[in-house]
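Each remark here refers to the structure printed beneath this line.
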Amino acid sequence: MAGQDRPVTLAAVTGAHGVTGEVRLKLFGEGVAALKRYRAFNDSTLTLAKLRDDGKGGAIARFEEVPDRTAAEKLRGTALTVPRSAMPELAEGEYYHADLLGLRVVSDAGDELGICIGIENFGAGDVIEIERPMGEDGKRRRFMVPMTPAAVPEWDHERLVVNAAFAEE
């Protein structure tokens with residue numbers, strides 16, 4: 001499958017925690033347990049030594065390469081990535097956000113709708129953001145579609161098919 005070695009962001013460093021080199025993490029996956037599956041991040045430049053839940057939806061981590069607060073502060077804003085090929089296989093109907101980003105989007109009638117540029121979740125499930133090709137006015141339009149079987153009846157590693165009724169003009 002294309003994109004198997006594309007880096008997938010699982011968390012980001014939001015700042016230092018304490019004086020001993022620990023960092024605070026914002027998690028993008030399924031919590032601390034999902035992050036604990038991996039020992040090395042960012043092409044093995046960061047090696048996880050310790051990880052714990054912060055009780056606020058994030059985590060506190062220590063990396064072997066980060067000896068003190070100064071080094072920890074330098075990591076602020078760093079995305080923690082692993083290769084897509086290192087992630088667990090998915091069941092039928094499941095997807096990783098990284099697999100959808102950048103895919104062509106077509107309607108079930110065969111019309112080109114644009115490119116998937118984002119996935120959001122506002123509490124009721126994932127919603128994909130689609131950017132249409134540039135219009136005659138030189139502007140790019142965007143629209144959002146729920147990632148449900150009714151709105152997106154099929155997808156694969158090359159494209160997303162959107163029910164035309166959900167493709168607003």
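To be explicit about the labels: the chains of the structure tokens are called A, B, and onward in the order shown, and within each one the residues are counted from 1, while ligands get numbers from 1 in the order they are shown.
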
What's the 12 Å shell around Glu94 of chain A, counting only C-alpha atoms, without same-chain residues fewer than 6 positions away, as a list in words?
Pro88, Leu100, Asp126, Met147, Thr148, Pro149, Glu154, Trp155 and Asp156 of chain A

Please identify all polymer residues within 10 Å of segment 44-56 of chain A, counting only C-alpha atoms, omitting same-chain residues fewer than 4 positions from it, and present them as a ChimeraX atom specification.
/A:22-26,31-33,35-36,38-40,60-66,80-82

Considering only C-alpha atoms, return as a ChimeraX atom specification whatever protein or nucleic-acid residues lie within 9 Å of Glu73 of chain A, sequence-local ones (same chain, fewer than 5 positions apart) excluded.
/A:14-17,21,23,68

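All residues within segment 13-132 of chain A that the backbone DSSP calculation assigns to helix (DSSP H, G or I) are Val32, Ala33, Ala34, Leu35, Arg69, Thr70, Ala71, Ala72, Glu73, Lys74, Arg84, Ser85, Ala86, His97, Ala98, Asp99 and Leu100 of chain A.
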
Secondary structure check, strand (DSSP E or B) residues of segment 20-105 of chain A, as a ChimeraX atom specification
/A:22-27,40-41,46-53,59-63,79-83,104-105

Have a look at atom CA of Asn42 of chain A and atom CA of Phe122 of chain A and let me know their distance in Å, one decimal.
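Taking atom CA of Asn42 of chain A and atom CA of Phe122 of chain A, their separation equals 28.3 Å.
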
What does the distance from atom CA of Gly93 of chain A to atom CA of Arg142 of chain A come to in Å, to one decimal?
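Rounded to one decimal, the two atoms are 24.9 Å apart.
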
Polymer residues at most 10 Å from Val161 of chain A, only C-alpha atoms, same-chain spacing of 4 or more positions, as a ChimeraX atom specification:
/A:104-113,151-156

Nearby residues (only C-alpha atoms) at most 10 Å from Ala86 of chain A, same-chain spacing under 2 positions excluded, as a ChimeraX atom specification
/A:4-5,7-8,37-38,82-84,88-89

Taking into account only C-alpha atoms, which residue in the set A:Gly123, A:Phe166, A:Arg6, A:Val13 is nearest to Ser85 of chain A?
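Among A:Gly123, A:Phe166, A:Arg6, A:Val13, it is A:Arg6 that comes nearest to Ser85 of chain A.
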
Close residues, Leu27 of chain A itself excluded, 8 Å, only C-alpha atoms, min 3 positions apart in chain, as a list in words:
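Counting only C-alpha atoms, the residues come to Leu10, Ala11, Ala12, Glu30, Gly31, Val32, Gly57, Gly58 and Ala59 of chain A.
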